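Enquirer: Pasting a structure below so you can have a look.
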Amino acid sequence: MSGSVSPARLGRWAPPAALAVIWLVMSLSNPRFLSAVNLTNLMLQIVAVGAVAVAVVLVLLIGEIDLSVGAVSGFGAAVTAVLSVKQDWPAVLAILAGLATGALVGLAHAAMVTRVGVPSFVVTLAGLLTWQGALLLVLGDTGTVNIDDPQLVAIAGTFLAPAAGWALAAAVTAGAVLAIVGSLHRERDRPARRVWPWVVAGIGAPVAAAVFNADRGVPLAVVVFLLLLAGGDLMVRRTKLGRHAVATGSNASGARRAGIAVDRIRLVVFMLASVLAVTGGILAASRLLAVNQSSGSTDLMLTAVAAAAIGGTSLFGGRGTVWSALLGALVVGSLANGLDLMGASSPIRLIATGLVLAVAVGLDTLAHRAEVTPFREHSRPGR
């Protein structure tokens, strides 16, 4: 029916609608929610989860799952902290070593999935336990490493000057305008679907700069997170790797028949996911000024998976965008932040997040069923 709303369209608009409702309710319940100080703190709170959620999005796009991202983020952050604090490595080299550790972990996971044939659920569940143990070994008897390197601290502790923040916002808006013009020129039949994210970016950049500058300035950690999102989005939409990853998640058998090296795609994506997970761990360590035994806990993994699903990435593979990590992290983070301001207990926060996740997964399942049913109908004998 032309007047009906498809499950896919409903699922696409549900996350921004949920975010708008959450912000409305929280701002009416507590005026401090929309203050510049709280919104800045909210963004600083979600950058680590958001980076790990990007890792989850990439793995979900190829039709796999990674339950180890939380533990890997803590393990990689611990390697970075120990090399910097205890071994006196320069911060840049320590960070590169932590990222390399993540790449090796992703390589090990991918080898088990592609060469041995173990399901990614089992491989990464074993990885969750293994890398949690490795975290404890790296931290040693104290169980905590306090970060005092100025360069590591500066990642989450640096705020851009107002002029730099406005210049950055102007650059984003100019880029959004160019992207809109290009999309309108290339896709004259149905350009709205590709144009509206750029409209949001073009309007949102100066608004965000105004909010941040009303507090301490644009946080460097937020800039790093947005660069990760932009780079991941370009990779998924504009490169052969990204297109082949989506094709693999949509139909792995069909992708193989089309000549796509499915195992190689899985290998690269698992490695990228683990590197992004470590990036999230380093961002969290910089903000908390320490790595301890609870770094990269199971809660981080669950929150990142929830953010990816709530943001609109399909759990069935082949559908979603990297920007859904930002949207999902904002929904989950705003819910937790607002409930904290309201004085809600921890059980209430968990229940609320679980309900939002259940609705998101339900919409995803309906959308997947709507996509599969026509194929089955046409595949019946006699049709």
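Chain labels A, B, ... are given in the sequence in which chains occur in the structure tokens; within each chain residues are numbered consecutively from 1, and ligands are likewise numbered from 1 in the order shown.
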I'd like to know which residues of region 84-299 of chain A are helix (DSSP H, G or I) (by DSSP, run on the backbone); could you write them as a PyMOL selection string?
Expert: chain A and resi 84-85+91-116+120-139+150-157+162-186+192-213+220-238+240-250+252-257+262-288+298-299
Enquirer: Quick one: everything within 9 Å of Leu327 (chain A), counting only C-alpha atoms, minus sequence neighbours fewer than 2 positions away in the same chain. Send it as an MDAnalysis selection string.
Expert: chainID A and resid 15:16 19 50 307:308 310:312 323:325 329:332
Enquirer: Between A:Ala309, A:Leu24, A:Ala304, A:Leu99, which one has atoms that come closest to Val49 (chain A), using only C-alpha atoms?
Expert: A:Ala304
Enquirer: Near region 224-235 of chain A, counting only C-alpha atoms, which residues have an atom at most 9 Å away, once you skip same-chain residues fewer than 4 positions from it, shown as a PyMOL selection string?
Expert: chain A and resi 47-48+50-51+54+58+155+219-220+239-243+276+280+321-323+325-326
Enquirer: Those same residues, written as a compact mmCIF listing (two decimals), in the first residue's frame with all heavy atoms?
Expert:
```txt
# COMPACT_ATOMS: atom_id res chain seq x y z
N VAL A 47 32.43 9.29 23.65
CA VAL A 47 33.42 9.10 22.58
C VAL A 47 34.05 7.70 22.64
O VAL A 47 34.28 7.07 21.59
CB VAL A 47 34.51 10.19 22.61
CG1 VAL A 47 33.94 11.52 22.20
CG2 VAL A 47 35.17 10.29 23.98
N ALA A 48 34.35 7.21 23.84
CA ALA A 48 34.97 5.89 23.95
C ALA A 48 34.00 4.80 23.50
O ALA A 48 34.34 3.92 22.69
CB ALA A 48 35.44 5.63 25.38
N GLY A 50 31.45 5.25 21.61
CA GLY A 50 31.19 5.45 20.19
C GLY A 50 32.26 4.85 19.31
O GLY A 50 31.96 4.25 18.27
N ALA A 51 33.52 4.99 19.70
CA ALA A 51 34.61 4.41 18.90
C ALA A 51 34.50 2.89 18.87
O ALA A 51 34.70 2.26 17.83
CB ALA A 51 35.96 4.83 19.48
N VAL A 54 31.73 1.88 16.56
CA VAL A 54 32.13 1.86 15.15
C VAL A 54 32.72 0.50 14.79
O VAL A 54 32.45 -0.06 13.72
CB VAL A 54 33.14 2.98 14.85
CG1 VAL A 54 33.65 2.87 13.42
CG2 VAL A 54 32.53 4.34 15.07
N LEU A 58 31.20 -2.17 11.89
CA LEU A 58 31.94 -2.77 10.77
C LEU A 58 31.80 -4.29 10.76
O LEU A 58 31.62 -4.90 9.70
CB LEU A 58 33.42 -2.38 10.86
CG LEU A 58 33.74 -0.90 10.66
CD1 LEU A 58 35.25 -0.67 10.76
CD2 LEU A 58 33.22 -0.40 9.33
N ILE A 155 44.76 14.07 25.12
CA ILE A 155 43.79 13.57 24.14
C ILE A 155 42.37 13.91 24.58
O ILE A 155 41.55 14.40 23.79
CB ILE A 155 43.94 12.04 23.97
CG1 ILE A 155 45.31 11.72 23.37
CG2 ILE A 155 42.83 11.50 23.07
CD1 ILE A 155 45.60 10.24 23.29
N PRO A 219 36.03 19.86 22.41
CA PRO A 219 36.99 18.87 22.94
C PRO A 219 37.75 18.17 21.81
O PRO A 219 37.15 17.78 20.80
CB PRO A 219 36.10 17.87 23.69
CG PRO A 219 34.79 18.58 23.88
CD PRO A 219 34.64 19.49 22.71
N LEU A 220 39.05 18.01 21.99
CA LEU A 220 39.86 17.30 21.00
C LEU A 220 39.39 15.87 20.84
O LEU A 220 39.40 15.33 19.72
CB LEU A 220 41.33 17.33 21.42
CG LEU A 220 42.31 16.57 20.53
CD1 LEU A 220 42.32 17.14 19.12
CD2 LEU A 220 43.72 16.60 21.13
N THR A 239 34.95 3.02 -1.02
CA THR A 239 36.06 2.14 -1.38
C THR A 239 35.56 0.76 -1.75
O THR A 239 34.46 0.34 -1.38
CB THR A 239 37.07 2.02 -0.22
OG1 THR A 239 36.46 1.31 0.87
CG2 THR A 239 37.50 3.40 0.27
N LYS A 240 36.41 0.05 -2.47
CA LYS A 240 36.08 -1.32 -2.85
C LYS A 240 35.92 -2.20 -1.60
O LYS A 240 35.04 -3.05 -1.53
CB LYS A 240 37.17 -1.89 -3.75
CG LYS A 240 36.90 -3.32 -4.23
CD LYS A 240 38.08 -3.89 -4.99
CE LYS A 240 38.31 -3.15 -6.29
NZ LYS A 240 39.37 -3.80 -7.11
N LEU A 241 36.80 -1.99 -0.60
CA LEU A 241 36.71 -2.75 0.64
C LEU A 241 35.33 -2.58 1.28
O LEU A 241 34.70 -3.56 1.70
CB LEU A 241 37.79 -2.30 1.61
CG LEU A 241 37.70 -2.85 3.04
CD1 LEU A 241 37.86 -4.35 3.05
CD2 LEU A 241 38.75 -2.18 3.94
N GLY A 242 34.85 -1.34 1.37
CA GLY A 242 33.56 -1.10 1.99
C GLY A 242 32.42 -1.73 1.21
O GLY A 242 31.53 -2.37 1.80
N ARG A 243 32.43 -1.57 -0.10
CA ARG A 243 31.35 -2.16 -0.92
C ARG A 243 31.37 -3.68 -0.84
O ARG A 243 30.32 -4.32 -0.76
CB ARG A 243 31.49 -1.69 -2.38
CG ARG A 243 31.22 -0.20 -2.57
CD ARG A 243 31.12 0.14 -4.04
NE ARG A 243 32.40 -0.04 -4.73
CZ ARG A 243 33.32 0.90 -4.86
NH1 ARG A 243 33.11 2.08 -4.32
NH2 ARG A 243 34.44 0.67 -5.52
N LEU A 276 40.03 -0.17 16.19
CA LEU A 276 39.07 0.84 16.64
C LEU A 276 38.69 0.62 18.10
O LEU A 276 38.50 1.59 18.85
CB LEU A 276 37.83 0.81 15.77
CG LEU A 276 37.99 1.41 14.36
CD1 LEU A 276 36.80 1.05 13.48
CD2 LEU A 276 38.13 2.93 14.46
N GLY A 280 39.13 3.29 21.20
CA GLY A 280 38.15 3.63 22.22
C GLY A 280 38.71 3.45 23.62
O GLY A 280 38.45 4.26 24.51
N THR A 321 25.00 2.14 8.58
CA THR A 321 26.04 3.11 8.27
C THR A 321 26.92 3.31 9.50
O THR A 321 26.51 3.03 10.63
CB THR A 321 25.44 4.47 7.87
OG1 THR A 321 24.82 5.07 9.03
CG2 THR A 321 24.41 4.32 6.77
N VAL A 322 28.13 3.79 9.26
CA VAL A 322 29.04 4.05 10.37
C VAL A 322 28.48 5.12 11.29
O VAL A 322 28.70 5.09 12.51
CB VAL A 322 30.42 4.46 9.81
CG1 VAL A 322 31.36 4.90 10.93
CG2 VAL A 322 31.05 3.29 9.05
N TRP A 323 27.72 6.07 10.72
CA TRP A 323 27.17 7.16 11.54
C TRP A 323 26.14 6.64 12.54
O TRP A 323 25.79 7.35 13.49
CB TRP A 323 26.55 8.23 10.64
CG TRP A 323 27.57 8.97 9.85
CD1 TRP A 323 27.88 8.79 8.55
CD2 TRP A 323 28.46 9.99 10.33
NE1 TRP A 323 28.90 9.64 8.17
CE2 TRP A 323 29.27 10.39 9.24
CE3 TRP A 323 28.65 10.61 11.56
CZ2 TRP A 323 30.25 11.36 9.36
CZ3 TRP A 323 29.63 11.59 11.69
CH2 TRP A 323 30.40 11.96 10.59
N ALA A 325 26.73 4.53 14.68
CA ALA A 325 27.45 4.43 15.95
C ALA A 325 27.31 5.71 16.75
O ALA A 325 27.13 5.68 17.97
CB ALA A 325 28.93 4.13 15.70
N LEU A 326 27.39 6.87 16.08
CA LEU A 326 27.19 8.15 16.75
C LEU A 326 25.76 8.29 17.25
O LEU A 326 25.53 8.66 18.41
CB LEU A 326 27.53 9.30 15.80
CG LEU A 326 27.17 10.71 16.29
CD1 LEU A 326 27.92 11.06 17.57
CD2 LEU A 326 27.45 11.74 15.20
```
Enquirer: Between A:Val268, A:Val291, A:Ala285, A:Ala258, which has the minimum distance to Thr142 (chain A) (counting only C-alpha atoms)?
Expert: A:Val291
Enquirer: Pick out the residues sitting within 10 Å of Leu83 (chain A), and hand them over as a ChimeraX atom specification; count only C-alpha atoms, and ignore anything fewer than 3 positions along from it in its own chain.
Expert: /A:77-80,86-91,93-95,97-98,138
Enquirer: Go ahead and dump the residues you just picked, N, CA, C and O atoms, as a short mmCIF file (atom, residue, chain, number, x, y, z; two decimals), in the first residue's frame.
Expert:
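Done, and the output landed in selection-v8.cif:
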```
data_model
loop_
_atom_site.label_atom_id
_atom_site.label_comp_id
_atom_site.auth_asym_id
_atom_site.auth_seq_id
_atom_site.Cartn_x
_atom_site.Cartn_y
_atom_site.Cartn_z
N ALA A 77 44.55 -0.60 25.69
CA ALA A 77 44.81 0.59 26.50
C ALA A 77 45.83 0.29 27.59
O ALA A 77 46.67 1.13 27.92
N ALA A 78 45.77 -0.93 28.16
CA ALA A 78 46.73 -1.32 29.20
C ALA A 78 48.14 -1.41 28.63
O ALA A 78 49.11 -0.98 29.27
N VAL A 79 48.27 -1.98 27.43
CA VAL A 79 49.58 -2.04 26.78
C VAL A 79 50.13 -0.63 26.58
O VAL A 79 51.31 -0.35 26.87
N THR A 80 49.29 0.27 26.10
CA THR A 80 49.71 1.66 25.89
C THR A 80 50.15 2.31 27.19
O THR A 80 51.21 2.96 27.27
N LYS A 86 55.42 2.82 32.71
CA LYS A 86 56.42 1.97 33.36
C LYS A 86 57.69 1.79 32.52
O LYS A 86 58.76 1.55 33.09
N GLN A 87 57.55 1.86 31.20
CA GLN A 87 58.71 1.66 30.34
C GLN A 87 59.22 2.96 29.73
O GLN A 87 60.19 2.94 28.96
N ASP A 88 58.59 4.06 30.05
CA ASP A 88 59.02 5.39 29.59
C ASP A 88 59.08 5.53 28.07
O ASP A 88 59.93 6.25 27.53
N TRP A 89 58.19 4.85 27.39
CA TRP A 89 58.10 5.03 25.95
C TRP A 89 57.46 6.39 25.64
O TRP A 89 56.60 6.84 26.39
N PRO A 90 57.84 7.03 24.53
CA PRO A 90 57.10 8.23 24.09
C PRO A 90 55.64 7.88 23.85
O PRO A 90 55.31 6.77 23.43
N ALA A 91 54.77 8.84 24.11
CA ALA A 91 53.33 8.58 24.02
C ALA A 91 52.93 8.08 22.63
O ALA A 91 52.11 7.15 22.51
N LEU A 93 54.67 6.39 20.39
CA LEU A 93 55.08 4.99 20.19
C LEU A 93 54.23 4.05 21.03
O LEU A 93 53.88 2.94 20.59
N ALA A 94 53.89 4.46 22.24
CA ALA A 94 53.06 3.62 23.10
C ALA A 94 51.67 3.43 22.49
O ALA A 94 51.11 2.33 22.51
N ILE A 95 51.12 4.51 21.94
CA ILE A 95 49.81 4.42 21.29
C ILE A 95 49.88 3.51 20.07
O ILE A 95 49.00 2.65 19.86
N ALA A 97 51.93 1.08 19.59
CA ALA A 97 52.07 -0.30 20.07
C ALA A 97 50.72 -0.85 20.51
O ALA A 97 50.40 -2.03 20.25
N GLY A 98 49.90 -0.02 21.18
CA GLY A 98 48.58 -0.46 21.58
C GLY A 98 47.70 -0.77 20.38
O GLY A 98 46.99 -1.79 20.36
N VAL A 138 49.01 -7.80 32.14
CA VAL A 138 49.75 -6.60 31.75
C VAL A 138 49.77 -5.58 32.88
O VAL A 138 50.80 -4.94 33.15
#
```
Enquirer: Could you pull the residues within 12 Å of Gly354 (chain A), counting only C-alpha atoms, minus those fewer than 4 positions along the same chain, as a PyMOL selection string?
Expert: chain A and resi 302-303+305-307+309-310+332+335-336+347-350+358-361
Enquirer: Restricted to all heavy atoms, what would the selected residues look like written as a compact mmCIF listing (two decimals), in the first residue's frame?
Expert:
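Below is the file that was written, selection-v7.txt:
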```txt
# COMPACT_ATOMS: atom_id res chain seq x y z
N LEU A 302 28.62 -4.55 25.88
CA LEU A 302 27.16 -4.57 25.74
C LEU A 302 26.63 -3.21 25.31
O LEU A 302 25.74 -3.11 24.46
CB LEU A 302 26.52 -5.00 27.06
CG LEU A 302 26.81 -6.43 27.52
CD1 LEU A 302 26.22 -6.68 28.90
CD2 LEU A 302 26.24 -7.43 26.52
N THR A 303 27.19 -2.14 25.88
CA THR A 303 26.75 -0.80 25.51
C THR A 303 27.09 -0.49 24.06
O THR A 303 26.29 0.13 23.34
CB THR A 303 27.39 0.25 26.44
OG1 THR A 303 27.08 -0.07 27.79
CG2 THR A 303 26.87 1.64 26.14
N VAL A 305 27.51 -2.67 21.53
CA VAL A 305 26.62 -3.46 20.67
C VAL A 305 25.23 -2.83 20.66
O VAL A 305 24.58 -2.72 19.61
CB VAL A 305 26.56 -4.92 21.14
CG1 VAL A 305 25.51 -5.70 20.35
CG2 VAL A 305 27.92 -5.59 20.98
N ALA A 306 24.76 -2.41 21.84
CA ALA A 306 23.46 -1.76 21.92
C ALA A 306 23.44 -0.48 21.11
O ALA A 306 22.47 -0.20 20.38
CB ALA A 306 23.10 -1.47 23.38
N ALA A 307 24.50 0.32 21.18
CA ALA A 307 24.57 1.57 20.43
C ALA A 307 24.52 1.30 18.92
O ALA A 307 23.82 2.01 18.18
CB ALA A 307 25.84 2.33 20.79
N ALA A 309 23.20 -1.30 17.35
CA ALA A 309 21.88 -1.78 16.98
C ALA A 309 20.83 -0.68 17.07
O ALA A 309 20.00 -0.51 16.18
CB ALA A 309 21.48 -2.96 17.86
N ILE A 310 20.87 0.09 18.16
CA ILE A 310 19.90 1.18 18.34
C ILE A 310 20.08 2.23 17.26
O ILE A 310 19.11 2.83 16.78
CB ILE A 310 20.06 1.80 19.74
CG1 ILE A 310 19.58 0.80 20.80
CG2 ILE A 310 19.28 3.10 19.87
CD1 ILE A 310 19.89 1.23 22.22
N VAL A 332 21.96 6.08 23.79
CA VAL A 332 22.31 5.37 25.03
C VAL A 332 22.91 6.33 26.05
O VAL A 332 22.55 6.33 27.24
CB VAL A 332 23.28 4.22 24.73
CG1 VAL A 332 23.76 3.57 26.03
CG2 VAL A 332 22.62 3.18 23.84
N LEU A 335 20.30 8.84 27.44
CA LEU A 335 19.41 8.16 28.38
C LEU A 335 20.08 8.00 29.74
O LEU A 335 19.49 8.33 30.78
CB LEU A 335 19.00 6.80 27.81
CG LEU A 335 17.86 6.06 28.50
CD1 LEU A 335 16.58 6.88 28.47
CD2 LEU A 335 17.65 4.71 27.83
N ALA A 336 21.31 7.52 29.75
CA ALA A 336 22.04 7.33 31.01
C ALA A 336 22.31 8.66 31.70
O ALA A 336 22.13 8.80 32.92
CB ALA A 336 23.34 6.58 30.75
N PRO A 347 19.45 0.06 38.42
CA PRO A 347 18.51 -0.87 37.77
C PRO A 347 17.59 -0.18 36.77
O PRO A 347 17.29 -0.73 35.70
CB PRO A 347 17.72 -1.45 38.95
CG PRO A 347 18.64 -1.35 40.11
CD PRO A 347 19.41 -0.08 39.89
N ILE A 348 17.13 1.02 37.10
CA ILE A 348 16.24 1.76 36.19
C ILE A 348 16.97 2.09 34.89
O ILE A 348 16.41 1.98 33.78
CB ILE A 348 15.71 3.03 36.86
CG1 ILE A 348 14.85 2.68 38.08
CG2 ILE A 348 14.90 3.85 35.86
CD1 ILE A 348 13.64 1.84 37.75
N ARG A 349 18.23 2.50 35.00
CA ARG A 349 19.01 2.83 33.80
C ARG A 349 19.18 1.60 32.91
O ARG A 349 19.04 1.69 31.69
CB ARG A 349 20.39 3.39 34.19
CG ARG A 349 20.32 4.74 34.91
CD ARG A 349 21.66 5.45 34.87
NE ARG A 349 22.70 4.66 35.51
CZ ARG A 349 23.02 4.72 36.79
NH1 ARG A 349 22.34 5.54 37.59
NH2 ARG A 349 23.99 3.98 37.30
N LEU A 350 19.46 0.47 33.53
CA LEU A 350 19.64 -0.77 32.75
C LEU A 350 18.33 -1.18 32.07
O LEU A 350 18.32 -1.60 30.91
CB LEU A 350 20.15 -1.88 33.65
CG LEU A 350 21.58 -1.71 34.20
CD1 LEU A 350 21.89 -2.80 35.21
CD2 LEU A 350 22.59 -1.74 33.07
N ALA A 358 15.54 -3.44 22.83
CA ALA A 358 14.56 -4.42 22.37
C ALA A 358 13.70 -3.87 21.24
O ALA A 358 13.41 -4.57 20.25
CB ALA A 358 13.67 -4.85 23.55
N VAL A 359 13.29 -2.61 21.37
CA VAL A 359 12.50 -1.99 20.30
C VAL A 359 13.32 -1.88 19.02
O VAL A 359 12.83 -2.17 17.92
CB VAL A 359 12.01 -0.60 20.75
CG1 VAL A 359 11.36 0.14 19.58
CG2 VAL A 359 11.02 -0.73 21.90
N ALA A 360 14.59 -1.47 19.14
CA ALA A 360 15.44 -1.32 17.96
C ALA A 360 15.65 -2.66 17.25
O ALA A 360 15.55 -2.75 16.02
CB ALA A 360 16.79 -0.73 18.36
N VAL A 361 15.92 -3.71 18.01
CA VAL A 361 16.13 -5.03 17.41
C VAL A 361 14.83 -5.55 16.80
O VAL A 361 14.83 -6.20 15.75
CB VAL A 361 16.68 -6.01 18.46
CG1 VAL A 361 16.76 -7.42 17.90
CG2 VAL A 361 18.06 -5.56 18.92
```
Enquirer: Could you name the residues that touch Leu34 (chain A) at 12 Å or less, counting only C-alpha atoms, but leaving out those on the same chain fewer than 6 positions away, as a ChimeraX atom specification?
Expert: /A:22-28,40-42,208,211-212,214,334,337-338,341
Enquirer: Using only N, CA, C and O atoms, please write the residues we just selected to a file, as an mmCIF file, in the first residue's frame.
Expert:
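Wrote it out as part_38.cif, contents follow:
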```cif
data_model
loop_
_atom_site.group_PDB
_atom_site.id
_atom_site.type_symbol
_atom_site.label_atom_id
_atom_site.label_comp_id
_atom_site.auth_asym_id
_atom_site.auth_seq_id
_atom_site.Cartn_x
_atom_site.Cartn_y
_atom_site.Cartn_z
ATOM 1 N N ILE A 22 13.930 11.538 23.932
ATOM 2 C CA ILE A 22 14.751 11.480 25.151
ATOM 3 C C ILE A 22 15.197 12.876 25.559
ATOM 4 O O ILE A 22 15.107 13.264 26.727
ATOM 5 N N TRP A 23 15.680 13.666 24.594
ATOM 6 C CA TRP A 23 16.148 15.021 24.914
ATOM 7 C C TRP A 23 15.000 15.901 25.414
ATOM 8 O O TRP A 23 15.183 16.710 26.324
ATOM 9 N N LEU A 24 13.811 15.732 24.825
ATOM 10 C CA LEU A 24 12.664 16.525 25.253
ATOM 11 C C LEU A 24 12.270 16.175 26.684
ATOM 12 O O LEU A 24 12.089 17.060 27.528
ATOM 13 N N VAL A 25 12.155 14.878 26.958
ATOM 14 C CA VAL A 25 11.740 14.441 28.292
ATOM 15 C C VAL A 25 12.780 14.837 29.337
ATOM 16 O O VAL A 25 12.441 15.341 30.421
ATOM 17 N N MET A 26 14.059 14.611 29.023
ATOM 18 C CA MET A 26 15.113 14.910 29.998
ATOM 19 C C MET A 26 15.242 16.412 30.253
ATOM 20 O O MET A 26 15.485 16.835 31.384
ATOM 21 N N SER A 27 15.074 17.216 29.220
ATOM 22 C CA SER A 27 15.183 18.662 29.412
ATOM 23 C C SER A 27 14.005 19.201 30.220
ATOM 24 O O SER A 27 14.165 20.143 31.012
ATOM 25 N N LEU A 28 12.804 18.613 30.045
ATOM 26 C CA LEU A 28 11.659 19.025 30.846
ATOM 27 C C LEU A 28 11.799 18.566 32.295
ATOM 28 O O LEU A 28 11.329 19.244 33.220
ATOM 29 N N THR A 40 28.558 19.099 26.853
ATOM 30 C CA THR A 40 29.979 18.829 26.628
ATOM 31 C C THR A 40 30.400 17.561 27.353
ATOM 32 O O THR A 40 31.100 16.706 26.787
ATOM 33 N N ASN A 41 29.972 17.427 28.601
ATOM 34 C CA ASN A 41 30.289 16.210 29.361
ATOM 35 C C ASN A 41 29.675 14.979 28.708
ATOM 36 O O ASN A 41 30.293 13.905 28.680
ATOM 37 N N LEU A 42 28.460 15.127 28.177
ATOM 38 C CA LEU A 42 27.807 14.008 27.500
ATOM 39 C C LEU A 42 28.636 13.532 26.318
ATOM 40 O O LEU A 42 28.846 12.318 26.132
ATOM 41 N N ALA A 208 26.834 22.937 17.364
ATOM 42 C CA ALA A 208 27.714 22.255 18.314
ATOM 43 C C ALA A 208 28.861 23.156 18.747
ATOM 44 O O ALA A 208 29.239 23.183 19.930
ATOM 45 N N VAL A 211 27.650 25.542 21.348
ATOM 46 C CA VAL A 211 27.451 24.894 22.648
ATOM 47 C C VAL A 211 28.789 24.640 23.327
ATOM 48 O O VAL A 211 28.980 24.964 24.506
ATOM 49 N N PHE A 212 29.738 24.082 22.591
ATOM 50 C CA PHE A 212 31.044 23.781 23.178
ATOM 51 C C PHE A 212 31.762 25.056 23.623
ATOM 52 O O PHE A 212 32.370 25.105 24.696
ATOM 53 N N ALA A 214 30.482 27.748 24.578
ATOM 54 C CA ALA A 214 29.835 28.309 25.764
ATOM 55 C C ALA A 214 30.349 27.654 27.039
ATOM 56 O O ALA A 214 30.124 28.187 28.134
ATOM 57 N N SER A 334 22.629 9.681 26.211
ATOM 58 C CA SER A 334 21.664 10.673 26.664
ATOM 59 C C SER A 334 20.704 10.078 27.682
ATOM 60 O O SER A 334 20.337 10.728 28.674
ATOM 61 N N ASN A 337 22.740 9.656 30.916
ATOM 62 C CA ASN A 337 23.051 10.966 31.485
ATOM 63 C C ASN A 337 21.812 11.621 32.086
ATOM 64 O O ASN A 337 21.845 12.156 33.209
ATOM 65 N N GLY A 338 20.707 11.577 31.353
ATOM 66 C CA GLY A 338 19.483 12.188 31.843
ATOM 67 C C GLY A 338 18.940 11.504 33.078
ATOM 68 O O GLY A 338 18.480 12.163 34.020
ATOM 69 N N LEU A 341 20.909 12.591 36.072
ATOM 70 C CA LEU A 341 20.494 13.902 36.557
ATOM 71 C C LEU A 341 19.177 13.828 37.330
ATOM 72 O O LEU A 341 18.945 14.611 38.262
#
```
